[in-house]
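Q: Below is work_3.pdb; it holds PDB, C-alpha atoms, pLDDT in the B column.
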ATOM      1  CA  MET A1165      -6.248  58.627  13.955  1.00 82.00           C
ATOM      2  CA  GLY A1166      -5.731  54.882  13.695  1.00 94.00           C
ATOM      3  CA  TYR A1167      -4.967  52.783  10.632  1.00 97.00           C
ATOM      4  CA  LYS A1168      -5.063  49.039  10.144  1.00 96.00           C
ATOM      5  CA  ILE A1169      -2.010  47.450   8.539  1.00 97.00           C
ATOM      6  CA  ASN A1170      -3.387  47.391   4.971  1.00 97.00           C
ATOM      7  CA  GLU A1171      -4.382  51.065   5.116  1.00 97.00           C
ATOM      8  CA  PHE A1172      -1.038  52.010   6.641  1.00 97.00           C
ATOM      9  CA  SER A1173       0.810  49.945   4.043  1.00 97.00           C
ATOM     10  CA  LYS A1174      -0.867  51.844   1.194  1.00 97.00           C
ATOM     11  CA  MET A1175      -0.208  55.137   2.960  1.00 96.00           C
ATOM     12  CA  THR A1176       3.514  54.479   3.426  1.00 96.00           C
ATOM     13  CA  GLY A1177       4.277  52.393   0.351  1.00 95.00           C
ATOM     14  CA  LEU A1178       5.732  49.645   2.570  1.00 96.00           C
ATOM     15  CA  THR A1179       4.453  46.095   2.556  1.00 97.00           C
ATOM     16  CA  PRO A1180       2.654  44.668   5.584  1.00 97.00           C
ATOM     17  CA  TYR A1181       5.597  42.247   5.890  1.00 97.00           C
ATOM     18  CA  THR A1182       8.031  45.183   6.198  1.00 96.00           C
ATOM     19  CA  LEU A1183       5.829  46.910   8.764  1.00 97.00           C
ATOM     20  CA  ARG A1184       5.646  43.739  10.859  1.00 97.00           C
ATOM     21  CA  PHE A1185       9.435  43.345  10.531  1.00 97.00           C
ATOM     22  CA  TYR A1186      10.024  46.910  11.774  1.00 96.00           C
ATOM     23  CA  GLU A1187       7.785  46.180  14.737  1.00 96.00           C
ATOM     24  CA  LYS A1188       9.546  42.877  15.470  1.00 97.00           C
ATOM     25  CA  GLU A1189      12.924  44.626  15.385  1.00 96.00           C
ATOM     26  CA  GLY A1190      11.682  47.266  17.825  1.00 96.00           C
ATOM     27  CA  LEU A1191      11.749  50.160  15.360  1.00 94.00           C
ATOM     28  CA  LEU A1192       8.009  50.793  15.723  1.00 96.00           C
ATOM     29  CA  THR A1193       5.708  50.458  18.690  1.00 96.00           C
ATOM     30  CA  VAL A1194       2.248  49.605  17.425  1.00 97.00           C
ATOM     31  CA  LYS A1195      -0.916  49.643  19.504  1.00 96.00           C
ATOM     32  CA  ARG A1196      -3.295  46.707  19.306  1.00 96.00           C
ATOM     33  CA  GLU A1197      -7.070  46.466  19.406  1.00 94.00           C
ATOM     34  CA  GLN A1198      -8.826  44.035  21.745  1.00 90.00           C
ATOM     35  CA  ASN A1199      -8.619  41.288  19.127  1.00 94.00           C
ATOM     36  CA  ASN A1200      -4.858  41.888  18.632  1.00 95.00           C
ATOM     37  CA  ILE A1201      -5.202  43.789  15.333  1.00 96.00           C
ATOM     38  CA  ARG A1202      -2.387  46.286  14.837  1.00 97.00           C
ATOM     39  CA  ILE A1203      -3.418  49.939  14.828  1.00 97.00           C
ATOM     40  CA  TYR A1204      -0.871  52.388  13.437  1.00 98.00           C
ATOM     41  CA  ASP A1205      -1.058  56.084  14.239  1.00 97.00           C
ATOM     42  CA  ASP A1206       0.361  59.384  13.027  1.00 96.00           C
ATOM     43  CA  ARG A1207       3.439  58.968  15.229  1.00 97.00           C
ATOM     44  CA  ASN A1208       4.199  55.683  13.454  1.00 97.00           C
ATOM     45  CA  LYS A1209       3.908  57.563  10.143  1.00 97.00           C
ATOM     46  CA  GLU A1210       6.433  60.123  11.357  1.00 97.00           C
ATOM     47  CA  TRP A1211       8.880  57.324  12.184  1.00 97.00           C
ATOM     48  CA  ILE A1212       8.378  55.689   8.781  1.00 97.00           C
ATOM     49  CA  ASP A1213       9.011  59.048   7.089  1.00 96.00           C
ATOM     50  CA  PHE A1214      12.200  59.383   9.145  1.00 95.00           C
ATOM     51  CA  PHE A1215      13.372  55.870   8.204  1.00 92.00           C
ATOM     52  CA  MET A1216      12.678  56.545   4.533  1.00 91.00           C
ATOM     53  CA  HIS A1217      14.630  59.817   4.753  1.00 93.00           C
ATOM     54  CA  LEU A1218      17.613  57.982   6.243  1.00 91.00           C
ATOM     55  CA  LYS A1219      17.377  55.252   3.612  1.00 85.00           C
ATOM     56  CA  LYS A1220      17.213  57.804   0.795  1.00 84.00           C
ATOM     57  CA  ASN A1221      20.270  59.619   2.105  1.00 77.00           C
ATOM     58  CA  ARG A1222      22.187  56.350   2.420  1.00 73.00           C
ATOM     59  CA  ASP A1223      21.233  55.336  -1.123  1.00 68.00           C
ATOM     60  CA  ASP A1224      22.371  58.725  -2.470  1.00 70.00           C
ATOM     61  CA  ASP A1225      25.947  58.219  -1.198  1.00 62.00           C
TER
END
Would you give me this structure, written as structure tokens?
A:
Amino acid sequence: MGYKINEFSKMTGLTPYTLRFYEKEGLLTVKREQNNIRIYDDRNKEWIDFFMHLKKNRDDD
């Protein structure tokens, strides 16, 4: 299933800015539609969940 950035932002709780930053830094690989609109998928969600898990564990220390 594919999600545009605003849908994916609501789903993950991360801002579109943060999602674009993760992509720019090479942490996420995001597919694009013909008109260059980002399309996030379930694999991207798994990576975001993983990043949030790591962040939570770091913050708990």
Q: Please determine, counting only C-alpha atoms, which residue among A:Lys1168, A:Lys1174, A:Arg1184, A:Arg1222 has the shortest atom-to-atom distance to A:Asp1205.
A: A:Lys1168
Q: As a check of understanding, name the residues that the PyMOL selection byres ((chain A and resi 1176) around 12) selects in the supplied structure, as a ChimeraX atom specification.
A: /A:1167,1169-1175,1177-1180,1182-1183,1204-1206,1208-1216
Q: How many Å lie between atom CA of A:Tyr1186 and atom CA of A:Lys1219, rounded to one decimal?
A: 13.8 Å
Q: Please compute the atom CA of A:Glu1187-atom CA of A:Asn1221 distance, one decimal, in Å.
A: 22.3 Å
Q: Any idea what the distance is between atom CA of A:Phe1185 and atom CA of A:Arg1202?
A: 12.9 Å
